[in-house]
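A.B. asks: See start-v5.tsv below, with TSV, C-alpha atoms.
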```tsv
chain	number	residue	atom	x	y	z
A	1	MET	CA	-85.79	-19.06	-3.26
A	2	LYS	CA	-87.99	-19.73	-6.32
A	3	THR	CA	-91.01	-20.11	-4.07
A	4	PHE	CA	-90.27	-16.78	-2.39
A	5	ILE	CA	-89.99	-14.98	-5.75
A	6	LEU	CA	-93.22	-16.56	-7.01
A	7	CYS	CA	-95.05	-15.59	-3.82
A	8	LEU	CA	-93.71	-12.07	-4.13
A	9	LEU	CA	-94.82	-11.79	-7.76
A	10	PHE	CA	-98.34	-13.05	-7.04
A	11	SER	CA	-98.78	-10.93	-3.94
A	12	PHE	CA	-99.11	-7.75	-5.98
A	13	ASN	CA	-102.68	-6.77	-6.67
A	14	VAL	CA	-102.92	-6.81	-10.45
A	15	LYS	CA	-105.74	-4.59	-11.64
A	16	ALA	CA	-107.17	-4.96	-15.13
A	17	GLU	CA	-106.45	-2.04	-17.41
A	18	LEU	CA	-109.48	-0.25	-18.82
A	19	GLN	CA	-109.66	-0.51	-22.61
A	20	ALA	CA	-110.56	2.62	-24.52
A	21	PRO	CA	-113.99	2.56	-26.20
A	22	GLU	CA	-114.21	1.59	-29.85
A	23	TYR	CA	-116.61	3.12	-32.34
A	24	GLY	CA	-119.53	0.73	-32.99
A	25	SER	CA	-118.78	-1.56	-30.04
A	26	CYS	CA	-120.14	-2.03	-26.51
A	27	ASN	CA	-117.14	-3.98	-25.19
A	28	PHE	CA	-115.88	-0.99	-23.22
A	29	TYR	CA	-118.55	-1.71	-20.60
A	30	LEU	CA	-117.23	-5.26	-20.15
A	31	SER	CA	-113.72	-3.87	-19.71
A	32	LEU	CA	-115.07	-1.34	-17.21
A	33	GLU	CA	-116.69	-4.12	-15.19
A	34	LYS	CA	-113.42	-6.09	-15.15
A	35	THR	CA	-111.47	-3.01	-14.09
A	36	ILE	CA	-113.95	-1.77	-11.48
A	37	PRO	CA	-116.24	-4.69	-10.58
A	38	CYS	CA	-119.67	-3.42	-9.53
A	39	GLY	CA	-121.58	-6.66	-10.08
A	40	PRO	CA	-124.57	-7.57	-12.23
A	41	ALA	CA	-126.62	-4.63	-10.91
A	42	GLY	CA	-123.83	-2.10	-11.48
A	43	TYR	CA	-124.03	0.54	-14.20
A	44	ALA	CA	-121.57	-1.13	-16.59
A	45	LYS	CA	-123.46	-4.42	-16.90
A	46	ASP	CA	-127.02	-3.58	-15.90
A	47	PHE	CA	-127.44	-0.35	-17.81
A	48	GLY	CA	-124.51	0.63	-20.02
A	49	TYR	CA	-123.75	-2.69	-21.71
A	50	PHE	CA	-127.37	-3.84	-21.75
A	51	TYR	CA	-128.74	-0.74	-23.49
A	52	CYS	CA	-125.74	-0.32	-25.75
A	53	GLU	CA	-126.32	-3.85	-27.04
A	54	GLN	CA	-130.08	-3.28	-27.37
A	55	PHE	CA	-129.52	-0.14	-29.43
A	56	LEU	CA	-126.87	-1.69	-31.65
A	57	LYS	CA	-129.03	-4.78	-32.30
A	58	ALA	CA	-132.03	-2.61	-33.18
A	59	LYS	CA	-129.83	-0.37	-35.33
A	60	ALA	CA	-129.33	-3.15	-37.83
A	61	TYR	CA	-132.93	-3.26	-38.98
A	62	ARG	CA	-135.21	-0.73	-37.32
A	63	PHE	CA	-133.67	2.71	-37.58
A	64	SER	CA	-133.32	5.17	-40.44
A	65	GLU	CA	-129.82	6.01	-41.66
A	66	ARG	CA	-129.80	9.12	-39.47
A	67	GLY	CA	-130.99	7.00	-36.54
A	68	LYS	CA	-128.21	4.49	-37.10
A	69	GLU	CA	-125.64	7.28	-37.18
A	70	PHE	CA	-127.07	8.73	-33.95
A	71	LEU	CA	-126.87	5.37	-32.16
A	72	THR	CA	-123.25	4.81	-33.11
A	73	LYS	CA	-122.17	8.35	-32.21
A	74	ASN	CA	-124.13	8.34	-28.96
A	75	ALA	CA	-122.84	4.93	-27.85
A	76	PHE	CA	-119.27	6.08	-28.40
A	77	CYS	CA	-119.86	9.40	-26.64
A	78	LEU	CA	-121.34	7.74	-23.55
A	79	GLN	CA	-118.46	5.28	-23.29
A	80	ASP	CA	-115.82	7.90	-24.01
A	81	GLU	CA	-117.11	10.19	-21.25
A	82	ILE	CA	-116.81	7.39	-18.68
A	83	TYR	CA	-113.36	6.55	-20.03
A	84	ARG	CA	-112.26	10.18	-19.64
A	85	ALA	CA	-113.61	10.28	-16.08
A	86	TYR	CA	-111.69	7.10	-15.31
A	87	MET	CA	-108.47	8.47	-16.81
A	88	GLU	CA	-108.81	11.52	-14.54
A	89	ASN	CA	-109.53	9.35	-11.49
A	90	PRO	CA	-108.81	5.60	-11.82
A	91	HIS	CA	-110.15	5.06	-8.30
A	92	LEU	CA	-113.78	5.80	-9.15
A	93	SER	CA	-116.35	4.03	-7.02
A	94	CYS	CA	-119.33	2.22	-8.52
A	95	GLN	CA	-121.58	5.11	-7.43
A	96	GLN	CA	-119.25	7.66	-9.04
A	97	ILE	CA	-119.29	5.71	-12.30
A	98	GLU	CA	-123.08	5.63	-12.33
A	99	SER	CA	-123.42	9.31	-11.42
A	100	SER	CA	-120.88	10.35	-14.03
A	101	ALA	CA	-122.48	8.21	-16.71
A	102	PHE	CA	-125.99	9.50	-16.10
A	103	LYS	CA	-124.68	13.07	-15.99
A	104	ASP	CA	-123.26	12.63	-19.49
A	105	HIS	CA	-126.42	11.23	-21.10
A	106	VAL	CA	-128.01	14.60	-21.88
A	107	ASN	CA	-124.90	16.06	-23.53
A	108	CYS	CA	-124.17	12.90	-25.49
A	109	TYR	CA	-127.75	12.65	-26.75
A	110	THR	CA	-127.88	16.26	-27.89
A	111	GLU	CA	-124.33	16.29	-29.31
A	112	SER	CA	-125.12	13.10	-31.26
A	113	ASP	CA	-128.05	14.88	-32.97
A	114	PHE	CA	-130.97	13.29	-31.14
A	115	CYS	CA	-133.01	16.40	-31.90
A	116	GLU	CA	-132.65	15.76	-35.63
A	117	LEU	CA	-134.10	12.24	-35.47
A	118	SER	CA	-137.43	11.41	-37.07
A	119	ILE	CA	-140.45	10.74	-34.90
A	120	SER	CA	-140.29	7.04	-35.83
A	121	ASP	CA	-136.65	6.79	-34.66
A	122	LYS	CA	-137.57	8.52	-31.38
A	123	VAL	CA	-140.48	6.11	-30.87
A	124	ILE	CA	-138.18	3.11	-31.40
A	125	LEU	CA	-135.71	4.55	-28.87
A	126	THR	CA	-138.50	5.10	-26.36
A	127	ASN	CA	-139.74	1.54	-26.79
A	128	ILE	CA	-136.25	0.21	-26.09
A	129	ILE	CA	-135.81	2.20	-22.87
A	130	LYS	CA	-139.43	2.06	-21.68
A	131	LYS	CA	-138.68	-0.19	-18.71
A	132	GLN	CA	-136.39	2.57	-17.36
A	133	LEU	CA	-139.02	5.32	-17.64
A	134	PRO	CA	-140.17	4.92	-14.01
A	135	LEU	CA	-136.70	6.03	-12.87
A	136	LYS	CA	-136.73	9.72	-11.97
A	137	ILE	CA	-133.19	10.25	-13.27
A	138	VAL	CA	-134.20	8.88	-16.70
A	139	ARG	CA	-137.36	11.02	-16.84
A	140	ASP	CA	-135.35	14.11	-15.84
A	141	GLN	CA	-132.82	13.42	-18.58
A	142	ILE	CA	-135.54	13.01	-21.18
A	143	LYS	CA	-137.06	16.34	-20.12
A	144	GLU	CA	-133.68	18.07	-20.35
A	145	VAL	CA	-132.93	16.60	-23.79
A	146	LEU	CA	-136.35	17.70	-25.10
A	147	LYS	CA	-135.84	21.16	-23.58
A	148	ARG	CA	-132.52	21.50	-25.42
A	149	CYS	CA	-134.17	20.32	-28.64
A	150	ARG	CA	-136.79	23.07	-28.32
A	151	GLN	CA	-134.03	25.66	-27.81
A	152	GLN	CA	-132.27	24.75	-31.05
```
Could you write out this file's structure as structure tokens?
C.D. replies:
Amino acid sequence: MKTFILCLLFSFNVKAELQAPEYGSCNFYLSLEKTIPCGPAGYAKDFGYFYCEQFLKAKAYRFSERGKEFLTKNAFCLQDEIYRAYMENPHLSCQQIESSAFKDHVNCYTESDFCELSISDKVILTNIIKKQLPLKIVRDQIKEVLKRCRQQ
């Protein structure tokens, strides 16, 4: 009887619960990967976590105070938007996560005051993401952010 109960308990598919993002942390992306595994080339590990960590490391010594504030606000915004999408639909596919995340970049950048950054902060940001510049989606987002900055 004990064996039957143990088998029954372990037969349920236990899915990790997605942790809410925390201000100043990138760990949300690790939780996202555990909850919806997309592998090392998936958005959570390959893009979200990687660039979040790059920005937060650079924040410590390279950015102005305004730049540091932007990075923290923007990192939280990007994670929070994915979290909200997940809460609305916990059965998101890897492609849906990536599409949703990229869709939110423009709003998060502008709402986190990218347009108010100094030229030197913008140059540092560009140097961090430069390996992604060949991607059309990244170039299109940059164009849209700059367009919104001009409209302000």
A.B. asks: Considering only C-alpha atoms, tabulate each residue of region 4-71 of chain A that lies at most 12 Å from region 103-108 of chain A along with its nearest interatomic pair and the corresponding distance in Å to one decimal; arrange the rows by chain and ascending residue number and present them as a tab-separated table.
C.D. replies:
```
residue	atom	partner	partner_atom	distance
A:Gly48	CA	A:His105	CA	10.8
A:Phe70	CA	A:Cys108	CA	9.9
A:Leu71	CA	A:Cys108	CA	10.4
```
A.B. asks: A:Cys115, A:Arg139, A:Lys73, A:Leu133: which is nearest Gln151 (chain A), counting all atoms listed in the file?
C.D. replies: A:Cys115
A.B. asks: Work out how far CA of Lys136 (chain A) is from CA of Cys38 (chain A), in Å to one decimal.
C.D. replies: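 About the pair CA of Cys38 (chain A) and CA of Lys136 (chain A): they are 21.7 Å apart.
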A.B. asks: From the set A:Glu111, A:Glu22, A:Glu17, A:Asp46, which residue has the shortest atom-to-atom contact distance to Gln79 (chain A), counting all atoms listed in the file?
C.D. replies: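 Answer, going by the shortest atom-to-atom distance: A:Glu22.
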A.B. asks: Select, from A:Ala41, A:Met87, A:Val138, A:Ile124, the residue with the minimum atom-to-atom distance to Leu18 (chain A), counting all atoms listed in the file.
C.D. replies: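 Checking each candidate against Leu18 (chain A), we get A:Met87 as the closest.
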